[in-house]
file query08.txt (compact mmCIF, C-alpha atoms)
# COMPACT_ATOMS: atom_id res chain seq x y z
CA MET D 1 -13.56 -0.98 38.96
CA SER D 2 -12.20 -2.64 42.08
CA SER D 3 -8.78 -3.33 40.63
CA MET D 4 -7.10 -1.81 37.61
CA LYS D 5 -5.09 -4.06 35.32
CA ASP D 6 -3.73 -1.24 33.21
CA ALA D 7 -2.46 2.20 34.17
CA ARG D 8 -4.39 3.71 31.26
CA GLU D 9 -7.68 2.71 32.90
CA ALA D 10 -7.15 5.60 35.32
CA THR D 11 -8.08 7.98 32.51
CA PHE D 12 -11.45 6.24 32.14
CA ILE D 13 -12.64 7.09 35.68
CA GLY D 14 -15.54 9.54 35.65
CA ARG D 15 -18.19 10.65 38.12
CA ARG D 16 -21.94 10.90 37.86
CA THR D 17 -23.62 14.10 39.11
CA ASP D 18 -24.41 12.32 42.40
CA GLY D 19 -20.69 11.69 42.92
CA THR D 20 -20.64 7.94 42.34
CA ARG D 21 -17.88 6.63 40.12
CA ILE D 22 -18.41 5.36 36.62
CA ARG D 23 -16.21 3.89 33.91
CA ARG D 24 -16.22 6.33 31.03
CA PRO D 25 -17.22 4.82 27.70
CA LEU D 26 -14.47 4.06 25.21
CA SER D 27 -14.95 5.86 21.94
CA PRO D 28 -16.05 3.32 19.34
CA HIS D 29 -13.47 3.32 16.60
CA LEU D 30 -12.87 0.22 14.46
CA GLN D 31 -16.59 -0.59 14.17
CA VAL D 32 -17.71 2.95 13.42
CA TYR D 33 -15.05 4.83 11.47
CA ASP D 34 -14.63 4.44 7.74
CA MET D 35 -11.08 3.08 7.65
CA VAL D 36 -10.67 3.50 3.91
CA GLN D 37 -10.64 7.28 4.12
CA ILE D 38 -7.37 8.70 2.81
CA THR D 39 -6.67 10.32 6.21
CA SER D 40 -7.08 7.34 8.52
CA GLY D 41 -6.13 4.81 5.84
CA LEU D 42 -2.71 6.36 5.22
CA SER D 43 -2.14 6.73 8.97
CA VAL D 44 -2.79 3.01 9.46
CA LEU D 45 -0.61 2.23 6.41
CA ASN D 46 2.27 4.30 7.79
CA ARG D 47 2.25 2.22 10.97
CA ALA D 48 1.80 -1.03 9.04
CA THR D 49 4.68 -0.22 6.68
CA GLY D 50 6.86 0.70 9.68
CA ILE D 51 6.23 -2.73 11.18
CA ALA D 52 6.75 -4.46 7.81
CA TRP D 53 10.04 -2.56 7.23
CA THR D 54 11.22 -3.63 10.71
CA VAL D 55 10.42 -7.29 10.03
CA GLY D 56 11.85 -7.07 6.50
CA SER D 57 15.14 -5.63 7.74
CA ALA D 58 15.94 -9.18 8.85
CA PHE D 59 16.47 -9.94 5.13
CA LEU D 60 19.04 -7.11 4.93
CA VAL D 61 20.87 -8.57 7.93
CA TRP D 62 20.83 -11.99 6.28
CA TRP D 63 22.16 -10.57 2.99
CA LEU D 64 25.02 -8.73 4.74
CA MET D 65 25.90 -11.79 6.85
CA ALA D 66 25.90 -13.93 3.71
CA ALA D 67 28.17 -11.45 1.90
CA ALA D 68 30.56 -11.50 4.87
CA SER D 69 30.52 -15.32 5.09
CA GLY D 70 31.59 -15.99 1.51
CA PRO D 71 30.48 -16.74 -2.07
CA GLN D 72 28.55 -19.92 -1.15
CA ALA D 73 26.48 -18.24 1.58
CA LEU D 74 25.76 -15.26 -0.70
CA ALA D 75 24.74 -17.60 -3.52
CA LYS D 76 22.17 -19.17 -1.17
CA ALA D 77 20.78 -15.73 -0.27
CA GLN D 78 20.76 -14.67 -3.95
CA TRP D 79 18.93 -17.90 -4.80
CA PHE D 80 16.18 -17.00 -2.34
CA PHE D 81 15.97 -13.35 -3.47
CA SER D 82 15.62 -14.38 -7.12
CA SER D 83 12.94 -17.01 -6.33
CA PHE D 84 9.25 -16.21 -6.69
CA LEU D 85 8.82 -15.73 -2.93
CA GLY D 86 12.05 -13.69 -2.75
CA ILE D 87 10.96 -11.33 -5.53
CA LEU D 88 7.57 -11.00 -3.84
CA VAL D 89 9.31 -10.07 -0.57
CA LEU D 90 11.69 -7.61 -2.27
CA ALA D 91 8.89 -5.98 -4.31
CA GLY D 92 6.81 -5.62 -1.16
CA MET D 93 9.75 -4.20 0.77
CA THR D 94 10.44 -1.68 -2.01
CA ALA D 95 6.87 -0.36 -1.91
CA VAL D 96 6.86 -0.43 1.90
CA ALA D 97 10.16 1.45 2.13
CA TRP D 98 9.11 4.13 -0.36
CA PHE D 99 5.69 4.56 1.25
CA HIS D 100 7.15 4.92 4.77
CA THR D 101 9.74 7.36 3.40
CA PHE D 102 7.20 9.59 1.60
CA ALA D 103 4.67 9.36 4.46
CA GLY D 104 7.57 10.23 6.79
CA ILE D 105 8.27 13.40 4.80
CA ARG D 106 4.57 14.24 5.14
CA HIS D 107 4.78 13.70 8.91
CA LEU D 108 7.90 15.89 9.21
CA MET D 109 6.05 18.59 7.26
CA TRP D 110 3.15 18.36 9.74
CA ASP D 111 5.63 18.46 12.65
CA ALA D 112 6.99 21.72 11.21
CA GLY D 113 3.41 23.06 11.27
CA HIS D 114 2.52 22.90 7.56
CA GLY D 115 -0.44 21.38 5.73
CA PHE D 116 -2.76 20.60 8.63
CA ASP D 117 -5.97 21.66 6.82
CA LEU D 118 -8.11 18.95 5.25
CA PRO D 119 -7.67 19.93 1.55
CA SER D 120 -3.85 19.92 2.00
CA THR D 121 -4.05 16.59 3.79
CA TRP D 122 -5.95 15.03 0.89
CA LYS D 123 -3.53 16.55 -1.61
CA THR D 124 -0.36 15.39 0.18
CA GLY D 125 -1.95 12.01 0.87
CA LYS D 126 -2.59 11.46 -2.81
CA ALA D 127 0.94 12.71 -3.58
CA VAL D 128 2.37 10.10 -1.18
CA MET D 129 0.46 7.31 -2.96
CA VAL D 130 1.45 8.46 -6.45
CA ALA D 131 5.10 8.99 -5.41
CA THR D 132 5.19 5.51 -3.84
CA GLY D 133 3.89 3.94 -7.06
CA VAL D 134 6.26 5.86 -9.31
CA ALA D 135 9.34 5.31 -7.09
CA THR D 136 8.60 1.58 -6.73
CA VAL D 137 8.26 1.10 -10.49
CA LEU D 138 11.42 3.16 -11.17
CA THR D 139 13.39 1.19 -8.55
CA TRP D 140 12.38 -2.09 -10.21
CA LEU D 141 13.23 -0.72 -13.62
CA ILE D 142 16.76 -0.01 -12.33
CA ALA D 143 16.86 -3.42 -10.62
CA LEU D 144 15.81 -5.29 -13.77
CA ILE D 145 18.20 -3.35 -16.03
CA SER D 146 21.19 -4.10 -13.76
CA TRP D 147 20.15 -7.75 -13.29
CA MET V 148 -12.31 7.50 47.24
CA SER V 149 -11.29 7.09 50.85
CA GLU V 150 -8.08 9.14 50.46
CA GLN V 151 -10.13 12.26 49.99
CA ASN V 152 -11.44 12.00 53.56
CA SER V 153 -8.00 11.73 55.16
CA VAL V 154 -5.45 14.52 55.42
CA ARG V 155 -2.58 14.19 52.99
CA MET V 156 0.77 14.51 54.73
CA GLN V 157 2.60 14.78 51.42
CA SER V 158 3.21 18.09 49.66
CA PRO V 159 1.82 18.48 46.12
CA LEU V 160 5.42 18.55 44.83
CA GLY V 161 6.23 15.33 46.68
CA ARG V 162 3.25 13.59 45.14
CA VAL V 163 4.18 14.34 41.56
CA ARG V 164 7.95 13.83 41.85
CA GLY V 165 9.07 10.96 39.72
CA LEU V 166 5.77 10.79 37.86
CA GLY V 167 6.17 13.65 35.40
CA SER V 168 8.28 14.16 32.35
CA ALA V 169 11.07 16.09 34.11
CA LYS V 170 11.71 17.77 30.75
CA GLY V 171 12.46 14.36 29.24
CA GLY V 172 8.94 13.71 27.96
CA THR V 173 9.68 14.72 24.39
CA HIS V 174 12.97 12.84 24.11
CA HIS V 175 11.51 9.70 22.52
CA TRP V 176 9.42 11.74 20.07
CA TRP V 177 12.35 14.03 19.20
CA ILE V 178 14.81 11.16 18.63
CA GLN V 179 12.23 9.56 16.33
CA ARG V 180 12.24 12.79 14.20
CA VAL V 181 16.04 13.15 14.30
CA THR V 182 16.56 9.56 13.14
CA SER V 183 13.88 9.95 10.44
CA ILE V 184 15.64 13.01 9.02
CA ALA V 185 18.95 11.11 8.98
CA LEU V 186 17.26 8.11 7.37
CA LEU V 187 15.78 10.14 4.49
CA PRO V 188 18.99 10.42 2.41
CA LEU V 189 20.37 7.12 3.78
CA THR V 190 17.28 5.11 2.80
CA ILE V 191 17.08 6.60 -0.69
CA TRP V 192 20.82 5.90 -1.19
CA PHE V 193 20.39 2.34 0.14
CA ILE V 194 17.36 1.41 -2.00
CA LEU V 195 18.97 2.73 -5.19
CA SER V 196 22.34 1.09 -4.39
CA ILE V 197 20.70 -2.30 -3.83
CA ALA V 198 18.64 -1.92 -7.03
CA LEU V 199 21.91 -1.29 -8.91
CA HIS V 200 23.45 -4.50 -7.50
CA THR V 201 20.81 -7.09 -8.37
CA GLY V 202 23.08 -8.78 -10.90
CA SER V 203 26.35 -8.47 -8.99
CA SER V 204 28.68 -11.36 -8.20
CA HIS V 205 30.05 -12.00 -4.70
CA ALA V 206 33.29 -10.22 -5.61
CA GLN V 207 31.38 -7.14 -6.83
CA VAL V 208 29.13 -7.09 -3.75
CA VAL V 209 32.13 -7.42 -1.41
CA ALA V 210 33.99 -4.68 -3.31
CA TRP V 211 30.98 -2.37 -2.99
CA ILE V 212 30.42 -3.04 0.74
CA GLY V 213 34.16 -2.77 1.37
CA HIS V 214 34.52 0.71 -0.10
CA PRO V 215 35.07 3.01 2.94
CA LEU V 216 32.31 5.44 1.93
CA ASN V 217 29.77 2.67 1.35
CA ALA V 218 30.80 0.89 4.57
CA VAL V 219 30.34 4.05 6.64
CA LEU V 220 26.99 4.86 5.01
CA LEU V 221 25.83 1.25 5.41
CA ILE V 222 26.71 1.14 9.11
CA SER V 223 25.01 4.54 9.63
CA PHE V 224 21.93 3.25 7.81
CA ILE V 225 21.90 0.03 9.87
CA LEU V 226 22.38 1.62 13.31
CA ILE V 227 19.96 4.53 12.76
CA SER V 228 17.39 2.24 11.07
CA PHE V 229 17.29 -0.17 13.99
CA GLN V 230 17.12 2.64 16.54
CA HIS V 231 14.19 4.16 14.57
CA ALA V 232 12.55 0.73 14.17
CA GLY V 233 12.96 -0.14 17.85
CA ALA V 234 11.52 3.20 18.97
CA GLY V 235 8.62 2.89 16.51
CA MET V 236 7.84 -0.70 17.52
CA GLN V 237 7.89 0.41 21.17
CA VAL V 238 5.06 2.89 20.49
CA VAL V 239 3.06 0.26 18.60
CA LEU V 240 3.46 -2.24 21.46
CA GLU V 241 2.61 0.41 24.07
CA ASP V 242 -0.60 1.09 22.16
CA TYR V 243 -1.78 -2.46 21.56
CA VAL V 244 -0.34 -4.82 24.21
CA ARG V 245 -2.55 -4.97 27.32
CA GLY V 246 -1.15 -5.44 30.80
CA GLU V 247 2.08 -4.08 32.27
CA MET V 248 4.10 -7.30 32.22
CA PRO V 249 3.28 -8.51 28.68
CA ARG V 250 3.83 -4.96 27.42
CA MET V 251 7.21 -4.56 29.07
CA ALA V 252 8.29 -8.08 28.07
CA SER V 253 7.36 -7.56 24.41
CA ILE V 254 9.10 -4.17 24.27
CA LEU V 255 12.26 -5.58 25.84
CA ALA V 256 12.19 -8.55 23.42
CA VAL V 257 11.81 -6.30 20.36
CA LYS V 258 14.55 -3.94 21.60
CA ALA V 259 16.85 -6.93 22.14
CA LEU V 260 16.14 -8.21 18.62
CA CYS V 261 16.80 -4.76 17.11
CA TRP V 262 20.07 -4.52 19.06
CA LEU V 263 21.21 -7.99 17.91
CA MET V 264 20.25 -7.45 14.25
CA ALA V 265 21.98 -4.05 14.19
CA LEU V 266 25.19 -5.56 15.63
CA LEU V 267 25.05 -8.58 13.28
CA ALA V 268 24.64 -6.34 10.24
CA ALA V 269 27.27 -3.82 11.36
CA LEU V 270 29.78 -6.59 12.18
CA SER V 271 29.17 -8.17 8.75
CA VAL V 272 29.93 -4.85 7.05
CA LEU V 273 33.08 -4.41 9.15
CA ARG V 274 34.23 -7.98 8.40
CA VAL V 275 34.00 -7.23 4.69
CA ALA V 276 35.44 -3.72 4.92
CA LEU V 277 38.37 -4.31 7.29

call {"tool": "encode", "arguments": {"input": "query08.txt", "output": "structure tokens"}}
result
Amino acid sequence: MSSMKDAREATFIGRRTDGTRIRRPLSPHLQVYDMVQITSGLSVLNRATGIAWTVGSAFLVWWLMAAASGPQALAKAQWFFSSFLGILVLAGMTAVAWFHTFAGIRHLMWDAGHGFDLPSTWKTGKAVMVATGVATVLTWLIALISW
Amino acid sequence: MSEQNSVRMQSPLGRVRGLGSAKGGTHHWWIQRVTSIALLPLTIWFILSIALHTGSSHAQVVAWIGHPLNAVLLISFILISFQHAGAGMQVVLEDYVRGEMPRMASILAVKALCWLMALLAALSVLRVAL
């Protein structure tokens, strides 16, 4: 522990009963915890969907730039969005957007101090998953009807 | 620690000045909630609007973007989305990127990208609407 590379390492400094310094152990997480629990799983998914939504927003920027550039540029964008890869991206983005939205409502509810107990957490977690599925299917129903 | 053996000439207040939150510690967290509340109706409106325009021609798309109400909502959605995304990505990078310099560099790069994408999208909407 001669030199610290990261400011967070300061929180790992502990002392033995004889006063000598020791590096506190890091809690084992990825190897030990069951990551497919609804609690931790949805927490990880919320972060993952946030990142995916951020990356995917580049497609929105592209679409708007294409619409501003003219019919030819928009046709190119529309060609991509109606290709197999494009539909895959859009379908993924729809699910990601709805999940992050519903999980966000759940987080705002927690921030307001509601539903912290485990049974409520399981219930709202399941509700988020069901709502994401239903909203994604409904969105694509609307999308396919107006195609 | 050798410092413990020497007399500190600095007052306790002097030692902590500039290191604490100075009542600004919750700002990032609070702005993340404020933008998320704003994004709730905006995102739902945006997803449904896009779903309704899958079969639209260029003229129809331009007419929709160009409507003042849609243009204002779109620009609000774009600016608040990228602020929320940038703030969220910052927390992710702070958690996972090791080392002060790589962490700061990656956060600055992501913030720059969010800024550029927000301006590109907003300018595109304005070019259609104005």

call {"tool": "atom_distance", "arguments": {"input": "query08.txt", "atom1": "CA of Ile194 (chain V)", "atom2": "CA of Phe84 (chain D)"}}
result
20.0 Å

call {"tool": "closest_atom_pairs", "arguments": {"input": "query08.txt", "of": "chain V", "to": "chain D", "cutoff": "6 Å", "atoms": "only C-alpha atoms", "output": "tab-separated table"}}
result
residue	atom	partner	partner_atom	distance
V:Ala198	CA	D:Ala143	CA	4.3
V:Leu199	CA	D:Ser146	CA	5.7
V:Thr201	CA	D:Trp147	CA	5.0
V:Gly202	CA	D:Trp147	CA	3.9
V:His205	CA	D:Pro71	CA	5.4
V:Ala232	CA	D:Thr54	CA	5.7
V:Gly246	CA	D:Asp6	CA	5.5
V:Ala268	CA	D:Val61	CA	5.0
V:Ser271	CA	D:Met65	CA	5.2
V:Val275	CA	D:Ala68	CA	5.5

call {"tool": "atom_distance", "arguments": {"input": "query08.txt", "atom1": "CA of Ser120 (chain D)", "atom2": "CA of Thr173 (chain V)"}}
result
26.7 Å

call {"tool": "residues_around", "arguments": {"input": "query08.txt", "residues": "region 184-187 of chain V", "least_positions_apart": "4", "cutoff": "8 Å", "atoms": "only C-alpha atoms", "output": "mmCIF file with C-alpha atoms, in the frame of the given file"}}
result
data_model
loop_
_atom_site.group_PDB
_atom_site.id
_atom_site.type_symbol
_atom_site.label_atom_id
_atom_site.label_comp_id
_atom_site.auth_asym_id
_atom_site.auth_seq_id
_atom_site.Cartn_x
_atom_site.Cartn_y
_atom_site.Cartn_z
ATOM 1 C CA THR D 101 9.740 7.360 3.400
ATOM 2 C CA ARG V 180 12.240 12.790 14.200
ATOM 3 C CA ILE V 191 17.080 6.600 -0.690
ATOM 4 C CA PHE V 224 21.930 3.250 7.810
ATOM 5 C CA ILE V 227 19.960 4.530 12.760
ATOM 6 C CA SER V 228 17.390 2.240 11.070
#

call {"tool": "closest_residue", "arguments": {"input": "query08.txt", "among": "D:Gly56, D:Gly125, D:Gly133, D:Pro25", "to": "Phe229 (chain V)", "atoms": "all atoms listed in the file"}}
result
D:Gly56

call {"tool": "atom_distance", "arguments": {"input": "query08.txt", "atom1": "CA of Met236 (chain V)", "atom2": "CA of Ala265 (chain V)"}}
result
14.9 Å

call {"tool": "residues_around", "arguments": {"input": "query08.txt", "residues": "Leu220 (chain V)", "least_positions_apart": "5", "cutoff": "12 Å", "atoms": "only C-alpha atoms", "output": "compact mmCIF listing (two decimals) with C-alpha atoms, keeping the file's coordinate frame"}}
result
# COMPACT_ATOMS: atom_id res chain seq x y z
CA ALA V 185 18.95 11.11 8.98
CA LEU V 186 17.26 8.11 7.37
CA PRO V 188 18.99 10.42 2.41
CA LEU V 189 20.37 7.12 3.78
CA THR V 190 17.28 5.11 2.80
CA ILE V 191 17.08 6.60 -0.69
CA TRP V 192 20.82 5.90 -1.19
CA PHE V 193 20.39 2.34 0.14
CA SER V 196 22.34 1.09 -4.39
CA TRP V 211 30.98 -2.37 -2.99
CA ILE V 212 30.42 -3.04 0.74
CA GLY V 213 34.16 -2.77 1.37
CA HIS V 214 34.52 0.71 -0.10
CA PRO V 215 35.07 3.01 2.94
CA ILE V 225 21.90 0.03 9.87
CA LEU V 226 22.38 1.62 13.31
CA ILE V 227 19.96 4.53 12.76
CA SER V 228 17.39 2.24 11.07
CA ALA V 269 27.27 -3.82 11.36
CA VAL V 272 29.93 -4.85 7.05
CA LEU V 273 33.08 -4.41 9.15

call {"tool": "residues_around", "arguments": {"input": "query08.txt", "residues": "Gln179 (chain V)", "least_positions_apart": "3", "cutoff": "7 Å", "atoms": "all atoms listed in the file", "output": "MDAnalysis selection string"}}
result
chainID V and resid 175:176 182:183 231 234

call {"tool": "decode", "arguments": {"input": "query08.txt", "residues": "region 24-87 of chain D", "atoms": "C-alpha atoms", "output": "mmCIF file, in the first residue's frame"}}
result
data_model
loop_
_atom_site.group_PDB
_atom_site.id
_atom_site.type_symbol
_atom_site.label_atom_id
_atom_site.label_comp_id
_atom_site.auth_asym_id
_atom_site.auth_seq_id
_atom_site.Cartn_x
_atom_site.Cartn_y
_atom_site.Cartn_z
ATOM 1 C CA ARG D 24 -9.456 -4.394 3.829
ATOM 2 C CA PRO D 25 -10.873 -7.241 1.761
ATOM 3 C CA LEU D 26 -13.176 -6.345 -1.105
ATOM 4 C CA SER D 27 -16.572 -7.936 -0.780
ATOM 5 C CA PRO D 28 -16.818 -10.746 -3.317
ATOM 6 C CA HIS D 29 -19.693 -9.941 -5.613
ATOM 7 C CA LEU D 30 -19.774 -11.236 -9.193
ATOM 8 C CA GLN D 31 -18.446 -14.679 -8.232
ATOM 9 C CA VAL D 32 -20.697 -15.146 -5.217
ATOM 10 C CA TYR D 33 -24.040 -13.437 -5.748
ATOM 11 C CA ASP D 34 -26.816 -15.016 -7.749
ATOM 12 C CA MET D 35 -27.164 -12.423 -10.501
ATOM 13 C CA VAL D 36 -30.409 -13.827 -11.859
ATOM 14 C CA GLN D 37 -32.395 -12.792 -8.803
ATOM 15 C CA ILE D 38 -35.163 -10.363 -9.718
ATOM 16 C CA THR D 39 -33.669 -7.714 -7.396
ATOM 17 C CA SER D 40 -30.076 -7.632 -8.637
ATOM 18 C CA GLY D 41 -30.996 -8.759 -12.148
ATOM 19 C CA LEU D 42 -33.356 -5.840 -12.756
ATOM 20 C CA SER D 43 -30.843 -3.426 -11.219
ATOM 21 C CA VAL D 44 -28.173 -4.607 -13.664
ATOM 22 C CA LEU D 45 -30.728 -4.482 -16.516
ATOM 23 C CA ASN D 46 -31.685 -0.896 -15.653
ATOM 24 C CA ARG D 47 -28.054 0.161 -16.018
ATOM 25 C CA ALA D 48 -27.571 -1.945 -19.151
ATOM 26 C CA THR D 49 -30.699 -0.510 -20.791
ATOM 27 C CA GLY D 50 -29.543 3.014 -19.862
ATOM 28 C CA ILE D 51 -26.268 2.405 -21.686
ATOM 29 C CA ALA D 52 -28.044 0.766 -24.647
ATOM 30 C CA TRP D 53 -30.533 3.684 -24.896
ATOM 31 C CA THR D 54 -27.594 6.131 -24.890
ATOM 32 C CA VAL D 55 -25.817 4.261 -27.689
ATOM 33 C CA GLY D 56 -29.087 3.767 -29.592
ATOM 34 C CA SER D 57 -29.909 7.470 -29.474
ATOM 35 C CA ALA D 58 -27.283 7.841 -32.214
ATOM 36 C CA PHE D 59 -29.882 6.262 -34.552
ATOM 37 C CA LEU D 60 -32.390 8.985 -33.583
ATOM 38 C CA VAL D 61 -29.791 11.654 -34.378
ATOM 39 C CA TRP D 62 -29.121 9.988 -37.721
ATOM 40 C CA TRP D 63 -32.858 9.808 -38.537
ATOM 41 C CA LEU D 64 -33.388 13.506 -37.704
ATOM 42 C CA MET D 65 -30.291 14.555 -39.682
ATOM 43 C CA ALA D 66 -31.509 12.498 -42.640
ATOM 44 C CA ALA D 67 -34.971 14.087 -42.452
ATOM 45 C CA ALA D 68 -33.354 17.545 -42.404
ATOM 46 C CA SER D 69 -31.021 16.703 -45.315
ATOM 47 C CA GLY D 70 -33.712 15.678 -47.785
ATOM 48 C CA PRO D 71 -35.730 12.803 -49.296
ATOM 49 C CA GLN D 72 -32.659 10.879 -50.546
ATOM 50 C CA ALA D 73 -30.893 10.897 -47.168
ATOM 51 C CA LEU D 74 -34.116 9.881 -45.397
ATOM 52 C CA ALA D 75 -34.674 7.077 -47.902
ATOM 53 C CA LYS D 76 -31.219 5.716 -47.016
ATOM 54 C CA ALA D 77 -32.057 5.818 -43.286
ATOM 55 C CA GLN D 78 -35.483 4.235 -43.919
ATOM 56 C CA TRP D 79 -33.778 1.511 -45.969
ATOM 57 C CA PHE D 80 -31.582 0.644 -42.991
ATOM 58 C CA PHE D 81 -34.443 0.789 -40.469
ATOM 59 C CA SER D 82 -36.577 -1.561 -42.581
ATOM 60 C CA SER D 83 -33.703 -4.033 -43.105
ATOM 61 C CA PHE D 84 -33.335 -7.111 -40.911
ATOM 62 C CA LEU D 85 -30.584 -5.493 -38.824
ATOM 63 C CA GLY D 86 -32.541 -2.220 -38.629
ATOM 64 C CA ILE D 87 -35.697 -3.938 -37.375
#
